[in-house]
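Novice: To start, I am sharing the structure in question, which I have written as structure tokens.
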Amino acid sequence: MTDVKQRVALTSIAASAGLTAAKAIVGVTSGSLAILSEAAHSLIDLGATVMTYFAVRVADKPADAEHHYGHGKVESISALAETALLFVLAGVVSWEAIKRLMSAQPPEVEATPWAFAVIVLSIVVDFLRARVLYRTAAKTASQALEADALHFHSDMWSSLAVLVGLVGIALGYAWADSVAALAVSVLICIAGWRLGRRTIDTLTDTAPTGAADNITAAVTRIPGVVGLERLRVRQVGEVLFVDLVVAVSRTLPLDRVATLKDRIVQAVRADSPAAEVTVTTEPRALDDETVLERVMVIARNRALAAHHVTVHAIEGRLAVSLDLEVDGALSLAAAHDIATALEEAIREELGPEVEVETHIEPLQPFDEPGHEASAERIGAVRDALTEIATKVDLVGAIHDVRVRAADDGEIVNFHCLVDPALKVADVHDKVDEVERALRLRFPSIKRAIGHAEPAMP
């Protein structure tokens, strides 16, 4: 894409140089102010296209330590300089045209065949170059190339005005050349105003028309986005910088939030592939949160392991109880302080009248050293589980028994088959009954973990 922009800019330089030379020669030989003004216009275009070439080269450099958003605004600065040149030229041409119109003896102007030929050639070249430049500028979002295209487009219309002036001179109207020159200056001012307005919008970080509405519509349609808190958009060259702050449910886990942010970025880039998107999420408490979700959020925000949360409404008053796992090496006083702080946070969230009770448990250690038990030990535990299961209703065949020995006791994992139509609460009670009976039979087992599987017909 960079090579295309530079190649088109170089072609514009060649076209501007050729037209400038031709118009200057014909303007001097014919004495036409309109053609001379066109030559000056083309000379400015030549300088502008040279600036455009260097601007697109600099603008395509990647971001660095001093320019965190890249160098895209160099194109805007180039376009602004071209705008200033256009207004200066329009002023000079207008001043000279008015002087000639008010003069008692205006300079003699000759409408030669060469003058007509150069102006017609200029119109054709301007038309073709403007089309190529506009097309390339649209593909690359290059303001410098768009400015160049605007120059050639305005040149085409001003050349038409000069052509009309030449026809007037050929018909004997000496003032037609000065009027054509005034028309050229007006067209130059219009082109400069259009270019300057867009350039200043970019330099002042004006949001591109319609971009904010399109992004808002795309983002708010994504499931999980509660609201759009802030949206800032600005264009730098071909890159659209988008800064989003979206509200999400505070109950979402971090991996879900990360996935949601990826979807937001994809939605923005679906319309603007070169967009640089920054998404910040803010947690929000939703009206439909359950008490269980609110308690788990409080515990998670404090990096605490809470489970077995139960919530009861007792005579119109909430009662919350939960198991809290803490480091088993902590003193009871330190662990109680942690539990008390959690209880106070829950009351602050749910109301001071809420009854909160915590059951403190030692947190299961991570990476605890251990080893597989012997085959004889595993066989003994499997036989015991099979015998126990025959005495517990609803629990079927025992299989996949594993026994791991650790420093402070054994850990047993086993699977059992259960009727798939049973409720989870009933299954849990029955499997828990098997686990308790196993620990009673083998006091060395510190933990038994039963996995219930639905029995296939």
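By convention here, the chains of the structure tokens are called A, B, ... in the order presented, each chain's residues are numbered starting at 1, and ligands are numbered starting at 1 in the order presented.
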Tell me, as a short mmCIF file (atom, residue, chain, number, x, y, z; two decimals) with C-alpha atoms, in the first residue's frame, which residues lie within 7 Å of A:Leu228, counting only C-alpha atoms; anything in the same chain fewer than 5 positions away does not count.
Specialist:
data_model
loop_
_atom_site.label_atom_id
_atom_site.label_comp_id
_atom_site.auth_asym_id
_atom_site.auth_seq_id
_atom_site.Cartn_x
_atom_site.Cartn_y
_atom_site.Cartn_z
CA THR A 220 -24.19 -2.40 21.89
CA VAL A 245 -15.19 2.09 27.87
CA VAL A 246 -17.94 -0.51 28.17
CA ALA A 247 -19.92 -1.66 31.18
#
Novice: With only C-alpha atoms as the counted atoms, please give the residues lying no more than 12 Å from A:Ala274, apart from itself and same-chain residues fewer than 2 positions off, as a list in words.
Specialist: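 Residues meeting the cut-off are Lys139, Thr140, Ala141, Gln235, Val236, Gly237, Glu238, Val239, Leu240, Phe241, Val242, Val265, Gln266, Val268, Arg269, Ala270, Asp271, Ser272, Glu276 and Val277 of chain A.
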Novice: Can I get the selected residues back with N, CA and C atoms, as a PDB file, in the first residue's frame?
Specialist:
ATOM      1  N   LYS A 139      -8.530   4.351  -1.075  1.00  0.00           N
ATOM      2  CA  LYS A 139      -8.052   3.030  -0.664  1.00  0.00           C
ATOM      3  C   LYS A 139      -7.083   3.123   0.504  1.00  0.00           C
ATOM      4  N   THR A 140      -6.271   4.180   0.531  1.00  0.00           N
ATOM      5  CA  THR A 140      -5.223   4.296   1.543  1.00  0.00           C
ATOM      6  C   THR A 140      -5.545   5.285   2.651  1.00  0.00           C
ATOM      7  N   ALA A 141      -6.705   5.963   2.554  1.00  0.00           N
ATOM      8  CA  ALA A 141      -7.096   6.994   3.534  1.00  0.00           C
ATOM      9  C   ALA A 141      -6.006   8.057   3.666  1.00  0.00           C
ATOM     10  N   GLN A 235      -9.099  10.126  13.654  1.00  0.00           N
ATOM     11  CA  GLN A 235      -8.447   9.588  12.466  1.00  0.00           C
ATOM     12  C   GLN A 235      -7.042  10.154  12.352  1.00  0.00           C
ATOM     13  N   VAL A 236      -6.070   9.263  12.148  1.00  0.00           N
ATOM     14  CA  VAL A 236      -4.696   9.666  11.877  1.00  0.00           C
ATOM     15  C   VAL A 236      -4.250   8.912  10.633  1.00  0.00           C
ATOM     16  N   GLY A 237      -4.211   9.607   9.508  1.00  0.00           N
ATOM     17  CA  GLY A 237      -3.901   8.928   8.249  1.00  0.00           C
ATOM     18  C   GLY A 237      -4.987   7.915   7.937  1.00  0.00           C
ATOM     19  N   GLU A 238      -4.573   6.692   7.626  1.00  0.00           N
ATOM     20  CA  GLU A 238      -5.545   5.650   7.318  1.00  0.00           C
ATOM     21  C   GLU A 238      -5.981   4.878   8.556  1.00  0.00           C
ATOM     22  N   VAL A 239      -5.421   5.206   9.716  1.00  0.00           N
ATOM     23  CA  VAL A 239      -5.728   4.480  10.950  1.00  0.00           C
ATOM     24  C   VAL A 239      -6.795   5.218  11.748  1.00  0.00           C
ATOM     25  N   LEU A 240      -7.836   4.481  12.136  1.00  0.00           N
ATOM     26  CA  LEU A 240      -8.893   5.012  12.999  1.00  0.00           C
ATOM     27  C   LEU A 240      -8.609   4.558  14.426  1.00  0.00           C
ATOM     28  N   PHE A 241      -8.338   5.515  15.323  1.00  0.00           N
ATOM     29  CA  PHE A 241      -8.080   5.188  16.722  1.00  0.00           C
ATOM     30  C   PHE A 241      -9.391   5.264  17.499  1.00  0.00           C
ATOM     31  N   VAL A 242      -9.731   4.162  18.161  1.00  0.00           N
ATOM     32  CA  VAL A 242     -11.001   4.050  18.884  1.00  0.00           C
ATOM     33  C   VAL A 242     -10.707   3.720  20.345  1.00  0.00           C
ATOM     34  N   VAL A 265     -13.481  -5.685  19.611  1.00  0.00           N
ATOM     35  CA  VAL A 265     -12.456  -5.260  18.648  1.00  0.00           C
ATOM     36  C   VAL A 265     -12.815  -5.760  17.250  1.00  0.00           C
ATOM     37  N   GLN A 266     -13.248  -7.017  17.137  1.00  0.00           N
ATOM     38  CA  GLN A 266     -13.631  -7.575  15.830  1.00  0.00           C
ATOM     39  C   GLN A 266     -14.806  -6.823  15.234  1.00  0.00           C
ATOM     40  N   VAL A 268     -15.619  -3.661  15.669  1.00  0.00           N
ATOM     41  CA  VAL A 268     -15.174  -2.347  15.188  1.00  0.00           C
ATOM     42  C   VAL A 268     -14.393  -2.503  13.883  1.00  0.00           C
ATOM     43  N   ARG A 269     -13.521  -3.510  13.830  1.00  0.00           N
ATOM     44  CA  ARG A 269     -12.692  -3.707  12.640  1.00  0.00           C
ATOM     45  C   ARG A 269     -13.462  -4.269  11.451  1.00  0.00           C
ATOM     46  N   ALA A 270     -14.661  -4.764  11.684  1.00  0.00           N
ATOM     47  CA  ALA A 270     -15.473  -5.228  10.556  1.00  0.00           C
ATOM     48  C   ALA A 270     -15.796  -4.077   9.619  1.00  0.00           C
ATOM     49  N   ASP A 271     -15.919  -2.866  10.170  1.00  0.00           N
ATOM     50  CA  ASP A 271     -16.216  -1.687   9.358  1.00  0.00           C
ATOM     51  C   ASP A 271     -14.954  -0.879   9.044  1.00  0.00           C
ATOM     52  N   SER A 272     -13.959  -0.941   9.940  1.00  0.00           N
ATOM     53  CA  SER A 272     -12.699  -0.211   9.743  1.00  0.00           C
ATOM     54  C   SER A 272     -11.543  -1.169  10.013  1.00  0.00           C
ATOM     55  N   GLU A 276      -7.294   0.907  15.296  1.00  0.00           N
ATOM     56  CA  GLU A 276      -6.568   0.562  16.514  1.00  0.00           C
ATOM     57  C   GLU A 276      -7.548   0.770  17.670  1.00  0.00           C
ATOM     58  N   VAL A 277      -7.958  -0.327  18.309  1.00  0.00           N
ATOM     59  CA  VAL A 277      -9.052  -0.271  19.290  1.00  0.00           C
ATOM     60  C   VAL A 277      -8.521  -0.555  20.689  1.00  0.00           C
TER      61      VAL A 277
END
Novice: Quick one: everything within 8 Å of stretch 438-445 of chain A, counting only C-alpha atoms, minus sequence neighbours fewer than 4 positions away in the same chain. Send it as a ChimeraX atom specification.
Specialist: /A:384-385,388,409-412,434
Novice: Restricting it to N, CA and C atoms, dump the selection as an mmCIF file, in the first residue's frame.
Specialist:
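What follows is the written file again_17.cif:
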data_model
loop_
_atom_site.group_PDB
_atom_site.id
_atom_site.type_symbol
_atom_site.label_atom_id
_atom_site.label_comp_id
_atom_site.auth_asym_id
_atom_site.auth_seq_id
_atom_site.Cartn_x
_atom_site.Cartn_y
_atom_site.Cartn_z
ATOM 1 N N ALA A 384 -13.508 -52.255 49.340
ATOM 2 C CA ALA A 384 -14.307 -51.615 50.383
ATOM 3 C C ALA A 384 -15.376 -50.714 49.767
ATOM 4 N N LEU A 385 -15.014 -49.968 48.732
ATOM 5 C CA LEU A 385 -15.985 -49.090 48.067
ATOM 6 C C LEU A 385 -17.106 -49.906 47.438
ATOM 7 N N ILE A 388 -19.389 -51.041 50.237
ATOM 8 C CA ILE A 388 -20.178 -49.925 50.777
ATOM 9 C C ILE A 388 -21.289 -49.529 49.810
ATOM 10 N N GLY A 409 -1.721 -38.000 54.798
ATOM 11 C CA GLY A 409 -2.838 -38.915 54.600
ATOM 12 C C GLY A 409 -3.037 -39.269 53.145
ATOM 13 N N GLU A 410 -4.035 -40.140 52.905
ATOM 14 C CA GLU A 410 -4.308 -40.602 51.555
ATOM 15 C C GLU A 410 -5.465 -39.832 50.924
ATOM 16 N N ILE A 411 -5.428 -39.730 49.588
ATOM 17 C CA ILE A 411 -6.509 -39.119 48.817
ATOM 18 C C ILE A 411 -7.029 -40.172 47.856
ATOM 19 N N VAL A 412 -8.352 -40.377 47.893
ATOM 20 C CA VAL A 412 -8.974 -41.411 47.064
ATOM 21 C C VAL A 412 -9.923 -40.751 46.071
ATOM 22 N N VAL A 434 -21.203 -42.530 50.798
ATOM 23 C CA VAL A 434 -20.163 -43.519 50.480
ATOM 24 C C VAL A 434 -18.795 -42.995 50.934
#
Novice: For A:Asp407, which of A:Val354, A:Pro369, A:Thr290, A:Phe127 is the closest residue, counting only C-alpha atoms?
Specialist: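 The shortest atom-to-atom distance to A:Asp407 comes from A:Pro369.
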Novice: Mind checking DSSP for stretch 178-333 of chain A and telling me the helix (DSSP H, G or I) residues as a PyMOL selection string?
Specialist: chain A and resi 178-203+211-220+254-271+291-301+332-333
Novice: Could you check the closest approach to A:Val295 for each of A:Glu325, A:Asp201, A:Glu282, A:Glu349 and tell me which residue wins, using only C-alpha atoms?
Specialist: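 Looking at the shortest contact to A:Val295, the residue is A:Glu349.
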Novice: Could you tell me how far atom CA of A:Arg294 sits from atom CA of A:Glu353, in Å to one decimal place?
Specialist: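 The value is 16.1 Å.
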Novice: Which is closer to A:Arg263 than all the others in A:Ala335, A:Asn301, A:Val279, A:Leu128, using only C-alpha atoms?
Specialist: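 Closest candidate: A:Val279.
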Novice: Looking at only C-alpha atoms, which of A:Val381, A:Gly165, A:Arg234, A:Leu133 is the one that sits closest to A:Ala181?
Specialist: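 Result for the nearest residue to A:Ala181: A:Gly165.
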Novice: Work out how far apart atom CA of A:Pro208 and atom CA of A:Arg232 are and give it in Å to one decimal.
Specialist: 10.7 Å
Novice: Name the residues of stretch 97-324 of chain A that come out as strand (DSSP E) in a backbone DSSP run; write them as a PyMOL selection string.
Specialist: chain A and resi 225-236+239-249+276-284+305-314+317-324
Novice: I want to know what sits within 9 Å of stretch 427-432 of chain A, based on only C-alpha atoms, with residues of the same chain fewer than 5 positions away left out; could you give that as a ChimeraX atom specification?
Specialist: /A:389,392-395,416,418-419,422,437,448-452
Novice: Could those selected residues go to a file with N, CA and C atoms, as a CSV table (one decimal), in the first residue's frame?
Specialist:
chain,number,residue,atom,x,y,z
A,389,ALA,N,-21.0,-49.5,48.5
A,389,ALA,CA,-22.0,-49.1,47.5
A,389,ALA,C,-23.2,-50.0,47.5
A,392,VAL,N,-25.7,-48.7,50.0
A,392,VAL,CA,-26.2,-47.4,49.8
A,392,VAL,C,-27.1,-47.3,48.6
A,393,ASP,N,-28.4,-46.9,48.8
A,393,ASP,CA,-29.3,-46.8,47.8
A,393,ASP,C,-28.9,-45.9,46.6
A,394,LEU,N,-29.2,-46.3,45.4
A,394,LEU,CA,-29.1,-45.4,44.2
A,394,LEU,C,-27.7,-45.4,43.7
A,395,VAL,N,-26.6,-45.9,44.4
A,395,VAL,CA,-25.3,-45.9,44.0
A,395,VAL,C,-25.0,-47.2,43.3
A,416,CYS,N,-18.6,-43.7,40.1
A,416,CYS,CA,-19.7,-44.6,40.4
A,416,CYS,C,-20.8,-44.3,39.4
A,418,VAL,N,-24.8,-43.9,38.5
A,418,VAL,CA,-26.0,-43.5,39.2
A,418,VAL,C,-27.1,-43.2,38.1
A,419,ASP,N,-28.4,-43.4,38.5
A,419,ASP,CA,-29.5,-43.2,37.6
A,419,ASP,C,-29.5,-41.8,37.1
A,422,LEU,N,-32.0,-38.9,38.4
A,422,LEU,CA,-32.0,-38.4,39.8
A,422,LEU,C,-31.6,-37.0,39.9
A,437,ALA,N,-18.4,-43.2,54.8
A,437,ALA,CA,-18.2,-44.6,55.2
A,437,ALA,C,-16.8,-45.1,54.9
A,448,ALA,N,-11.8,-38.2,50.4
A,448,ALA,CA,-12.4,-39.1,49.3
A,448,ALA,C,-13.2,-38.3,48.4
A,449,ILE,N,-13.0,-38.4,47.1
A,449,ILE,CA,-13.7,-37.6,46.1
A,449,ILE,C,-14.4,-38.6,45.1
A,450,GLY,N,-15.7,-38.6,45.2
A,450,GLY,CA,-16.5,-39.5,44.3
A,450,GLY,C,-17.1,-38.7,43.1
A,451,HIS,N,-17.0,-39.3,42.0
A,451,HIS,CA,-17.5,-38.7,40.7
A,451,HIS,C,-18.6,-39.5,40.2
A,452,ALA,N,-19.8,-39.0,40.2
A,452,ALA,CA,-21.0,-39.7,39.8
A,452,ALA,C,-21.2,-39.6,38.3
